Every structure is written in C-alpha cells, then in structure tokens.
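Shown below: model.txt, with compact mmCIF, C-alpha atoms (C1' of nucleotides).
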```txt
# COMPACT_ATOMS: atom_id res chain seq x y z
CA MET A 1 107.39 103.61 95.02
CA GLU A 2 107.67 100.56 92.86
CA GLN A 3 111.12 99.10 92.38
CA LEU A 4 112.63 100.53 89.21
CA SER A 5 114.03 98.31 86.48
CA ALA A 6 117.74 98.43 85.61
CA THR A 7 116.72 99.95 82.28
CA ALA A 8 115.24 102.88 84.24
CA TYR A 9 118.68 103.49 85.72
CA VAL A 10 120.28 103.35 82.29
CA ILE A 11 118.01 106.24 81.39
CA LEU A 12 118.79 108.12 84.60
CA GLY A 13 122.49 107.60 83.94
CA PHE A 14 122.33 108.95 80.41
CA VAL A 15 120.27 112.06 81.17
CA ARG A 16 122.42 112.89 84.17
CA ASN A 17 124.94 115.19 82.52
CA GLU A 18 123.08 116.31 79.43
CA PRO A 19 119.40 116.45 78.45
CA ARG A 20 118.46 113.77 75.93
CA SER A 21 115.41 112.65 73.96
CA GLY A 22 114.22 109.04 73.90
CA TYR A 23 115.69 108.67 70.46
CA GLU A 24 119.08 109.96 71.61
CA ILE A 25 119.04 107.65 74.61
CA LYS A 26 118.40 104.68 72.34
CA ALA A 27 121.26 105.80 70.08
CA VAL A 28 123.77 106.22 72.90
CA VAL A 29 122.76 102.88 74.46
CA ASP A 30 123.34 101.19 71.10
CA LYS A 31 126.84 102.67 70.97
CA SER A 32 127.84 101.85 74.53
CA THR A 33 125.95 99.83 77.13
CA ARG A 34 124.31 97.59 74.54
CA PHE A 35 127.16 95.11 74.92
CA PHE A 36 126.17 94.40 78.51
CA TRP A 37 122.75 96.03 78.82
CA ALA A 38 120.50 96.61 75.80
CA ALA A 39 117.28 98.62 75.67
CA SER A 40 114.54 98.87 73.05
CA TYR A 41 112.15 101.70 72.22
CA GLY A 42 109.43 99.57 73.74
CA GLN A 43 111.22 99.90 77.06
CA ILE A 44 112.59 103.42 76.79
CA TYR A 45 109.47 105.45 75.97
CA PRO A 46 107.16 103.95 78.62
CA GLU A 47 110.03 104.20 81.12
CA LEU A 48 110.52 107.90 80.35
CA LYS A 49 106.85 108.44 81.18
CA ARG A 50 107.09 106.53 84.45
CA LEU A 51 110.28 108.31 85.53
CA SER A 52 108.73 111.64 84.64
CA GLU A 53 105.59 110.88 86.68
CA ALA A 54 107.76 109.79 89.59
CA GLY A 55 109.59 113.14 89.44
CA LEU A 56 113.00 111.58 88.81
CA ILE A 57 113.36 113.28 85.44
CA VAL A 58 111.67 116.30 83.85
CA GLY A 59 110.84 116.64 80.19
CA ALA A 60 111.06 119.86 78.22
CA ASP A 61 109.53 120.38 74.80
CA VAL A 62 112.34 121.39 72.49
CA PRO A 63 110.94 121.00 68.98
CA THR A 64 113.27 120.90 65.99
CA GLY A 65 111.43 123.04 63.49
CA GLY A 66 107.91 121.65 63.29
CA ARG A 67 108.73 118.22 64.70
CA LYS A 68 107.95 117.86 68.36
CA ARG A 69 110.69 116.63 70.59
CA THR A 70 110.96 116.15 74.34
CA VAL A 71 114.32 116.13 76.05
CA TYR A 72 114.64 114.93 79.61
CA GLU A 73 116.86 116.04 82.45
CA ILE A 74 117.49 114.39 85.76
CA THR A 75 116.09 115.96 88.95
CA ALA A 76 117.72 116.07 92.37
CA ASP A 77 115.50 113.15 93.41
CA GLY A 78 116.60 111.28 90.30
CA GLU A 79 120.29 111.85 91.10
CA GLU A 80 119.75 110.52 94.61
CA GLU A 81 117.80 107.51 93.29
CA LEU A 82 120.61 106.75 90.81
CA ARG A 83 123.30 106.94 93.48
CA ALA A 84 121.27 104.76 95.85
CA TRP A 85 121.02 102.13 93.12
CA LEU A 86 124.75 102.34 92.33
CA ARG A 87 125.50 101.62 95.98
CA GLN A 88 123.52 98.36 95.96
CA GLU A 89 125.21 95.07 95.13
CA PRO A 90 124.83 94.20 91.44
CA GLU A 91 122.34 91.36 91.04
CA THR A 92 121.70 90.39 87.44
CA PHE A 93 124.33 88.58 85.46
CA GLU A 94 123.10 86.68 82.45
CA MET A 95 124.71 85.32 79.34
CA ARG A 96 123.19 83.74 76.27
CA ASP A 97 125.83 82.31 73.97
CA GLU A 98 124.56 80.13 71.16
CA GLY A 99 128.16 79.21 70.38
CA LEU A 100 128.80 77.71 73.81
CA LEU A 101 125.45 75.95 73.57
CA LYS A 102 126.42 74.35 70.28
CA LEU A 103 129.84 73.46 71.63
CA PHE A 104 128.16 71.81 74.62
CA PHE A 105 126.25 69.47 72.28
CA ALA A 106 129.04 69.15 69.70
CA ASP A 107 129.50 65.44 70.38
CA ALA A 108 126.56 64.92 68.01
CA LEU A 109 128.81 66.04 65.13
CA PRO A 110 131.92 64.49 63.59
CA ARG A 111 134.97 65.91 65.34
CA GLU A 112 136.08 68.06 62.39
CA GLU A 113 132.69 69.80 62.24
CA ALA A 114 132.77 70.32 66.00
CA LEU A 115 136.03 72.24 65.61
CA GLU A 116 134.25 74.49 63.13
CA ILE A 117 132.03 75.75 65.98
CA LEU A 118 135.11 76.95 67.87
CA ARG A 119 136.42 78.67 64.76
CA SER A 120 133.09 80.47 64.27
CA MET A 121 133.11 81.57 67.87
CA ARG A 122 136.67 82.86 67.61
CA ASP A 123 135.89 84.80 64.43
CA ARG A 124 132.83 86.35 66.02
CA ARG A 125 134.72 87.48 69.12
CA ARG A 126 137.45 88.96 66.94
CA ALA A 127 134.84 90.86 64.92
CA VAL A 128 133.29 92.32 68.06
CA ASN A 129 136.79 93.21 69.26
CA ALA A 130 137.38 95.20 66.08
CA GLN A 131 134.01 96.91 66.55
CA LEU A 132 134.95 97.94 70.09
CA GLN A 133 138.37 99.09 68.92
CA SER A 134 136.77 101.46 66.40
CA LEU A 135 134.51 102.80 69.16
CA LYS A 136 137.59 103.44 71.26
CA ASP A 137 139.43 105.20 68.45
CA LEU A 138 136.77 107.85 67.98
CA LYS A 139 136.59 108.74 71.65
CA GLU A 140 138.45 111.77 72.84
CA GLU A 141 139.99 112.02 76.28
CA ILE A 142 137.36 112.87 78.87
CA GLU A 143 137.33 113.39 82.59
CA ASP A 144 134.97 110.46 83.44
CA PRO A 145 137.20 107.37 83.27
CA PHE A 146 134.55 104.69 83.80
CA PRO A 147 133.08 104.29 80.31
CA MET A 148 136.61 103.83 79.00
CA ILE A 149 137.43 101.25 81.67
CA VAL A 150 134.35 99.29 80.68
CA LEU A 151 135.20 99.57 76.98
CA GLN A 152 138.75 98.43 77.68
CA GLY A 153 137.24 95.47 79.58
CA GLY A 154 135.21 94.58 76.51
CA LEU A 155 138.35 94.62 74.38
CA GLU A 156 140.24 92.38 76.80
CA PHE A 157 137.28 90.05 77.20
CA THR A 158 136.76 89.49 73.49
CA GLU A 159 140.49 88.90 73.10
CA TRP A 160 140.55 86.43 75.97
CA PHE A 161 137.53 84.59 74.60
CA ALA A 162 138.97 84.37 71.08
CA ASP A 163 142.22 83.01 72.48
CA TRP A 164 140.35 80.47 74.58
CA CYS A 165 138.62 79.23 71.42
CA GLU A 166 141.99 78.73 69.76
CA ARG A 167 143.39 76.92 72.78
CA MET A 168 140.39 74.60 72.91
CA GLU A 169 140.66 73.91 69.20
CA ALA A 170 144.32 72.94 69.64
CA GLN A 171 143.48 70.78 72.64
CA LEU A 172 140.83 68.87 70.72
CA LEU A 173 143.21 68.34 67.81
CA ASP A 174 145.86 67.01 70.21
CA SER A 175 143.49 64.59 71.91
CA ALA A 176 142.35 63.32 68.50
CA LEU A 177 145.99 62.60 67.64
CA ASP A 178 146.48 60.83 70.98
CA GLU A 179 143.58 58.52 70.27
CA ARG A 180 144.91 57.56 66.87
CA SER A 181 148.48 56.97 68.04
CA GLY A 182 147.83 55.57 71.53
CA MET B 1 108.15 74.04 59.32
CA GLU B 2 108.60 77.05 61.55
CA GLN B 3 112.10 77.91 62.63
CA LEU B 4 112.78 76.29 66.01
CA SER B 5 114.01 78.31 68.97
CA ALA B 6 117.42 77.65 70.48
CA THR B 7 115.60 76.35 73.54
CA ALA B 8 114.05 73.66 71.33
CA TYR B 9 117.57 72.51 70.49
CA VAL B 10 118.54 72.45 74.14
CA ILE B 11 115.71 69.95 74.59
CA LEU B 12 116.75 67.92 71.56
CA GLY B 13 120.31 67.84 72.87
CA PHE B 14 119.30 66.62 76.30
CA VAL B 15 116.95 63.86 75.15
CA ARG B 16 119.44 62.64 72.58
CA ASN B 17 121.23 60.01 74.62
CA GLU B 18 118.69 59.25 77.30
CA PRO B 19 114.93 59.70 77.62
CA ARG B 20 113.96 62.53 79.96
CA SER B 21 110.83 64.14 81.37
CA GLY B 22 110.23 67.89 81.24
CA TYR B 23 111.10 68.11 84.90
CA GLU B 24 114.38 66.28 84.36
CA ILE B 25 115.26 68.52 81.43
CA LYS B 26 114.70 71.60 83.58
CA ALA B 27 116.90 70.07 86.30
CA VAL B 28 119.78 69.23 83.97
CA VAL B 29 119.60 72.65 82.29
CA ASP B 30 119.83 74.28 85.72
CA LYS B 31 122.96 72.27 86.46
CA SER B 32 124.72 72.87 83.16
CA THR B 33 123.67 75.12 80.27
CA ARG B 34 121.94 77.64 82.56
CA PHE B 35 125.19 79.62 82.73
CA PHE B 36 125.00 80.43 79.02
CA TRP B 37 121.46 79.35 78.09
CA ALA B 38 118.65 79.19 80.63
CA ALA B 39 115.19 77.70 80.15
CA SER B 40 112.00 77.92 82.22
CA TYR B 41 109.08 75.49 82.59
CA GLY B 42 107.04 77.99 80.62
CA GLN B 43 109.32 77.34 77.67
CA ILE B 44 110.05 73.65 78.17
CA TYR B 45 106.57 72.15 78.40
CA PRO B 46 105.05 73.94 75.39
CA GLU B 47 108.22 73.21 73.44
CA LEU B 48 108.00 69.49 74.25
CA LYS B 49 104.49 69.50 72.76
CA ARG B 50 105.61 71.29 69.60
CA LEU B 51 108.62 69.03 69.10
CA SER B 52 106.44 65.98 69.66
CA GLU B 53 103.86 67.20 67.11
CA ALA B 54 106.67 67.88 64.64
CA GLY B 55 107.90 64.30 65.06
CA LEU B 56 111.34 65.32 66.33
CA ILE B 57 110.81 63.63 69.71
CA VAL B 58 108.43 60.94 70.93
CA GLY B 59 106.89 60.81 74.38
CA ALA B 60 106.25 57.60 76.32
CA ASP B 61 104.05 57.38 79.42
CA VAL B 62 106.22 56.01 82.21
CA PRO B 63 104.28 56.66 85.43
CA THR B 64 106.02 56.47 88.81
CA GLY B 65 103.45 54.72 90.96
CA GLY B 66 100.22 56.67 90.55
CA ARG B 67 101.82 59.86 89.26
CA LYS B 68 101.76 60.24 85.53
CA ARG B 69 105.02 60.99 83.82
CA THR B 70 106.03 61.36 80.19
CA VAL B 71 109.60 60.83 79.08
CA TYR B 72 110.73 61.91 75.66
CA GLU B 73 113.24 60.43 73.25
CA ILE B 74 114.72 61.90 70.10
CA THR B 75 113.69 60.53 66.72
CA ALA B 76 115.87 60.10 63.62
CA ASP B 77 114.34 63.31 62.25
CA GLY B 78 115.13 65.04 65.51
CA GLU B 79 118.76 63.89 65.37
CA GLU B 80 119.08 65.24 61.85
CA GLU B 81 117.44 68.54 62.84
CA LEU B 82 119.83 68.90 65.78
CA ARG B 83 122.89 68.24 63.62
CA ALA B 84 121.70 70.68 60.96
CA TRP B 85 121.41 73.38 63.64
CA LEU B 86 124.84 72.58 65.07
CA ARG B 87 126.34 73.12 61.64
CA GLN B 88 124.94 76.65 61.34
CA GLU B 89 126.96 79.65 62.50
CA PRO B 90 126.06 80.63 66.06
CA GLU B 91 124.03 83.84 66.06
CA THR B 92 122.92 84.94 69.49
CA PHE B 93 125.41 86.37 71.93
CA GLU B 94 123.96 88.48 74.72
CA MET B 95 125.16 89.60 78.07
CA ARG B 96 123.38 91.47 80.85
CA ASP B 97 125.76 92.48 83.60
CA GLU B 98 124.37 94.87 86.17
CA GLY B 99 127.88 95.20 87.60
CA LEU B 100 129.36 96.54 84.36
CA LEU B 101 126.34 98.83 84.03
CA LYS B 102 126.94 100.29 87.48
CA LEU B 103 130.63 100.61 86.77
CA PHE B 104 129.81 102.46 83.57
CA PHE B 105 127.90 105.10 85.57
CA ALA B 106 130.19 105.01 88.60
CA ASP B 107 131.34 108.59 88.07
CA ALA B 108 128.16 109.60 89.88
CA LEU B 109 129.64 108.18 93.10
CA PRO B 110 132.63 109.25 95.20
CA ARG B 111 135.68 107.33 94.02
CA GLU B 112 135.88 105.09 97.08
CA GLU B 113 132.30 103.89 96.58
CA ALA B 114 132.97 103.31 92.89
CA LEU B 115 135.75 100.92 93.83
CA GLU B 116 133.22 99.00 95.92
CA ILE B 117 131.38 98.08 92.70
CA LEU B 118 134.52 96.40 91.35
CA ARG B 119 134.96 94.53 94.63
CA SER B 120 131.36 93.29 94.49
CA MET B 121 131.85 92.14 90.93
CA ARG B 122 135.05 90.32 91.81
CA ASP B 123 133.40 88.57 94.76
CA ARG B 124 130.48 87.50 92.64
CA ARG B 125 132.70 86.04 89.91
CA ARG B 126 134.71 84.18 92.53
CA ALA B 127 131.51 82.76 94.02
CA VAL B 128 130.35 81.50 90.62
CA ASN B 129 133.82 80.07 90.06
CA ALA B 130 133.48 78.06 93.27
CA GLN B 131 130.04 76.89 92.18
CA LEU B 132 131.43 75.67 88.85
CA GLN B 133 134.34 74.01 90.63
CA SER B 134 131.95 71.97 92.77
CA LEU B 135 130.06 70.96 89.62
CA LYS B 136 133.32 69.82 88.11
CA ASP B 137 134.32 67.83 91.19
CA LEU B 138 131.24 65.63 91.15
CA LYS B 139 131.59 64.74 87.49
CA GLU B 140 133.15 61.44 86.62
CA GLU B 141 135.23 60.91 83.51
CA ILE B 142 133.01 60.41 80.49
CA GLU B 143 133.55 59.85 76.81
CA ASP B 144 131.87 63.09 75.58
CA PRO B 145 134.53 65.79 76.18
CA PHE B 146 132.45 68.85 75.22
CA PRO B 147 130.45 69.53 78.38
CA MET B 148 133.72 69.45 80.33
CA ILE B 149 135.41 71.84 77.88
CA VAL B 150 132.55 74.28 78.33
CA LEU B 151 132.65 73.91 82.11
CA GLN B 152 136.40 74.49 82.08
CA GLY B 153 135.76 77.58 79.98
CA GLY B 154 133.37 78.85 82.63
CA LEU B 155 136.03 78.34 85.29
CA GLU B 156 138.66 80.22 83.29
CA PHE B 157 136.22 83.00 82.39
CA THR B 158 135.14 83.67 85.97
CA GLU B 159 138.79 83.68 87.02
CA TRP B 160 139.75 86.06 84.24
CA PHE B 161 136.87 88.37 85.09
CA ALA B 162 137.66 88.43 88.81
CA ASP B 163 141.30 89.22 88.03
CA TRP B 164 140.25 91.99 85.67
CA CYS B 165 138.20 93.54 88.48
CA GLU B 166 141.26 93.53 90.72
CA ARG B 167 143.46 95.05 88.04
CA MET B 168 140.93 97.82 87.41
CA GLU B 169 140.64 98.51 91.11
CA ALA B 170 144.41 98.88 91.35
CA GLN B 171 144.49 101.10 88.27
CA LEU B 172 141.87 103.45 89.72
CA LEU B 173 143.74 103.63 93.00
CA ASP B 174 146.94 104.49 91.13
CA SER B 175 145.32 107.23 89.07
CA ALA B 176 143.80 108.71 92.22
CA LEU B 177 147.30 108.89 93.73
CA ASP B 178 148.65 110.50 90.55
CA GLU B 179 146.05 113.23 90.77
CA ARG B 180 146.91 114.01 94.37
CA SER B 181 150.68 114.04 93.84
CA GLY B 182 150.79 115.56 90.34
C1' DC C 1 112.49 119.87 43.78
C1' DG C 2 112.62 115.23 45.18
C1' DC C 3 114.82 111.29 47.20
C1' DG C 4 116.81 108.91 50.91
C1' DG C 5 118.46 108.73 55.36
C1' DA C 6 118.24 110.56 60.08
C1' DT C 7 115.34 112.11 63.87
C1' DA C 8 111.42 111.27 66.93
C1' DT C 9 107.63 108.89 69.15
C1' DA C 10 104.50 105.17 69.63
C1' DT C 11 102.67 100.64 69.47
C1' DC C 12 101.85 95.73 69.09
C1' DG C 13 102.28 90.71 68.69
C1' DA C 14 105.44 87.16 70.03
C1' DA C 15 108.56 85.34 73.13
C1' DA C 16 110.58 84.77 77.60
C1' DC C 17 110.64 85.17 82.63
C1' DG C 18 109.58 83.69 86.91
C1' DA C 19 106.52 82.62 90.24
C1' DT C 20 103.08 79.80 91.67
C1' DA C 21 99.11 76.25 91.68
C1' DT C 22 98.14 71.42 91.87
C1' DA C 23 99.04 66.76 92.91
C1' DT C 24 101.59 62.63 94.11
C1' DA C 25 105.85 60.12 95.83
C1' DG C 26 109.36 59.45 98.93
C1' DT C 27 112.07 60.36 103.20
C1' DG C 28 112.98 61.20 107.90
C1' DC C 29 111.50 61.99 112.56
C1' DT C 30 108.87 60.96 116.71
C1' DA D 1 101.48 55.10 112.18
C1' DG D 2 101.29 59.96 111.63
C1' DC D 3 103.31 64.15 110.18
C1' DA D 4 106.14 67.40 107.86
C1' DC D 5 109.12 68.35 104.36
C1' DT D 6 111.27 67.76 100.07
C1' DA D 7 111.38 65.96 95.36
C1' DT D 8 108.95 64.82 91.24
C1' DA D 9 105.87 66.25 87.54
C1' DT D 10 102.96 69.19 84.76
C1' DA D 11 100.62 73.34 83.85
C1' DT D 12 99.51 78.15 83.82
C1' DC D 13 99.51 83.11 83.99
C1' DG D 14 100.65 87.97 84.59
C1' DT D 15 104.60 90.88 83.64
C1' DT D 16 108.45 92.17 81.09
C1' DT D 17 111.18 92.29 77.09
C1' DC D 18 112.13 91.90 72.13
C1' DG D 19 112.09 93.49 67.83
C1' DA D 20 109.79 95.05 64.14
C1' DT D 21 107.08 98.35 62.20
C1' DA D 22 103.83 102.52 61.61
C1' DT D 23 103.76 107.42 61.34
C1' DA D 24 105.63 111.84 60.60
C1' DT D 25 108.97 115.44 60.08
C1' DC D 26 113.63 117.18 59.13
C1' DC D 27 117.85 117.68 56.52
C1' DG D 28 121.47 117.04 53.04
C1' DC D 29 122.55 116.03 48.46
C1' DG D 30 122.22 115.91 43.54
```

Give the structure from this file in structure tokens form.
Amino acid sequence: MEQLSATAYVILGFVRNEPRSGYEIKAVVDKSTRFFWAASYGQIYPELKRLSEAGLIVGADVPTGGRKRTVYEITADGEEELRAWLRQEPETFEMRDEGLLKLFFADALPREEALEILRSMRDRRRAVNAQLQSLKDLKEEIEDPFPMIVLQGGLEFTEWFADWCERMEAQLLDSALDERSG
Amino acid sequence: MEQLSATAYVILGFVRNEPRSGYEIKAVVDKSTRFFWAASYGQIYPELKRLSEAGLIVGADVPTGGRKRTVYEITADGEEELRAWLRQEPETFEMRDEGLLKLFFADALPREEALEILRSMRDRRRAVNAQLQSLKDLKEEIEDPFPMIVLQGGLEFTEWFADWCERMEAQLLDSALDERSG
DNA sequence: CGCGGATATATCGAAACGATATATAGTGCT
DNA sequence: AGCACTATATATCGTTTCGATATATCCGCG
C-alpha cells in the first residue's frame, strides 16, 4: 500500500472514537489541530475515499432528513495503521512566519518602523493566545489528557513568543541608546 | 500590478545589498530563512523572471568561464516595494508539526509509548538547536543586527520547546503515579 | 412562509513542493 | 593527464496542497 499522508492520519485519529462525516472532520480540525496541522475539504474528501477503499475506515449512509450524509468509522486495520504511524519518529516540522521574515529584513527600514514589526508580532501572538484560552474554557474534563496537553502547549508557546518580541524590542531600544551616547 | 508573493520579497531582500544568482539565493535561503520561510527552485526562477519584468530587479549576465550565469540586483522601485511590504502587518503564520499531531492522538497508544513521542520531539528540537548554534558560530559581527536577532530567537525557541517536552513528560509520569496510588 | 446560517459534498485553478534533468566548472586523487 | 566527485547554474514537471466556490438541503427565527 502507498504511504499515507499525515492528513490521512488526522482523519483516522478523529474517526477513532466516534463516527464523523467529512464536514464534521473539517470542523473539528479547524477547532483543534489546525494550529499545527490544517486540512482543507480538497484534502479531506478524496482522502476519505482512499481510506475507505483501503479498508481503514468504513462509511455508513446516515442521511439527515432528505440530505445525504456519510459518516465514517475506523476499522481494526485502521486502528493498527494509526498506532503504527504514532510509533514512528515524527518527521515534518515546518514554520512559515511572515513576521520573522520581515524582522529578518528589517534593516531596510528606519529603526522605529522596524520596532513596529515586533509590536505587530507580539499583538498577533497575544490574540492567538486569547483564542486558545477561549477554546480551553469551553472544554470539560475528559479522560484523554493529550489534546489538553497540546492546547496548554499552544498557550505557553504564544505567551513565550509574545514575551520574546517584547524583550527584543527592549534590546533594540537599548542598543539605539548606546549608539547615541557611546 | 499583481500582488507579489512573500517569496518574491525574500528574493528582493536577498538581492538588496549584493547581486546574487538564483542558485545563490536558494543557497542563502537554505542557510537562513528556511527555518521560517522556505523557497524552492520552482519558486525562485519563475519569480526572478516576474520581478525582472516588473522592473523591481535587473539581471546582468556574468558568466563563469563558459557557463552562463545571471546575477540580479534590486532597483529603486524594488527597494520601495520591499519597504512598503515591510511596513504592512505580517499576515501568514503557519506551523506543521507532526510531533504535536502525534501527541494529540497519543491516547491511542499505551502510556509508555506515548512518552516516546515527547522524547523524540525533544531530541529533534535539540538537534535543530545545535544546527542553529553552528550557524551562529561561523557568523562574524556585522552591522545589520536583525538576522542575528532572528537566529537568536530560533535558538531560544528550540530550547524552550525541548524543555516543554521534558516538562510534559514529567507531568505525564506524575499523573500515572497518581492514578496507581490514588 | 421566507430568510439566513449551518450542514454536507464536490471540484477546480493557482500555488508550492520536491525531485530530477542537463550542463559546465572546479577540486582532489592516482 | 585522466577520472570521479562535488559545486554551480538553470529549468522543468508531476504531485500535493490551498482556498475559494458551486450546489443542495436542513433548521431556527421572526
């Protein structure tokens, strides 16, 4: 069998404990893993077909009134495939941060405008932190601790990053003073 | 004019102070911005053509022996375009971390194997930290402070992340003990 | 009853990824 | 001098992903 994409395992993970439709998978991804692994409809629906053909999930037609709807459950093979993947060393780690990119080239701006980049970055991280906090607030206590650990990591990360921005802003202000006085 | 991609600005930034070929741009990206903004040949060469046609850079044929070679410089228009972009609020922030994704679904594994994910993540962050440290070591003191600030940020981030992995590992071990004793 | 938003699936062009083809230059080894 | 290997340089191409949108039904609210 072809190597599955990480997005395939996102799907396996989310249909593991309860049956879900493609739409529901997209919704739950957007409320949780999106911060470190996003998925679009253009990935999810074709992937559901592939996983179904491979026998790792099974779909059941559960229409809501007259609108057709297919919910998927994981199979025993799918469970095993998911666990096998979880046991492998994580490979992909990618980051795309336009803020860091702008900061990298900030020498092209007057110093005061360069500082503005750091302030934007800080504000953005704080905003995401608030977003994560509201996610945390509406979550009841559950037996599976891992989603909460990851969410807590997101909270600490955004806090750390925002603080780093402030420290760097202060450092740049200090060095500007040094140059003028010394 | 069409909106330029962030990768276009990476190119503008790197040809700003010295003329560079597409190959050299790829090389310098791979040694610096790759950690928060990667670029492939498939983006760079077409983008060089577009930027050249738009008058934001100019190419000069500077062959090495019999091998043709085009190096690009930024124009006054290109400088202005770069600065205008730097002044805009950063938009894109994306992360894809297969480690966090596996951790998120780690309840599907026995607890001991789940901890192994955190150990892998920690090791990986430490390895990247060492990589960044060696980059830092071979860099002489220069007037532009921003690339070094960003590099220092990468060092602190990888350290923070590795430490977080260790803290979470300890926390999971503790809670496992609690369950057994209480 | 009708409007707007949520549910549900599908698709499609544009962009990005990443691997590789092609060709020449330089470097080191025997 | 001959050879292999790596670096330089540009180009391309199939696959994947993004993200926006088309289509259709359902439900709640006024």

| request: Kindly extract all protein, DNA and RNA residues lying within 12 Å of the coordinates (124.4, 79.3, 68.5) given in the file, considering only C-alpha atoms (C1' of nucleotides), and supply them as JSON, numbers by chain. | output: {"A": [96, 97, 98, 99, 100, 101, 102, 103, 104, 105, 106, 117, 118, 120, 121, 124], "B": [5, 6, 7, 9, 10, 36, 37, 82, 84, 85, 86, 87, 88, 89, 90, 91, 92, 93, 94]}

| Distance criterion (only C-alpha atoms): nearest to chain B out of A:Ser21, A:Lys31, A:Gly65, A:Gly13 |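 Going through A:Ser21, A:Lys31, A:Gly65, A:Gly13 one by one, the smallest distance to chain B is for A:Gly13.
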
| Using all atoms listed in the file, which chain A residues lie at most 12 Å away from chain C, written as a VMD selection string? | chain A and resid 20 to 27 41 to 46 48 62 to 71

Which residues of chain D come within 10 Å of chain B, and for each one, what is the closest pair of atoms and their distance in Å to one decimal, counting only C-alpha atoms (C1' of nucleotides), sorted by chain and residue number, as CSV?
```
residue,atom,partner,partner_atom,distance
D:DT8,C1',B:Tyr23,CA,7.5
D:DA9,C1',B:Tyr23,CA,6.1
D:DT10,C1',B:Tyr45,CA,7.9
D:DA11,C1',B:Tyr45,CA,8.2
D:DT12,C1',B:Gly42,CA,8.2
D:DC13,C1',B:Gly42,CA,9.7
```

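Between atom CA of Ala39 of chain A and atom CA of Asp123 of chain B the separation is 26.9 Å.
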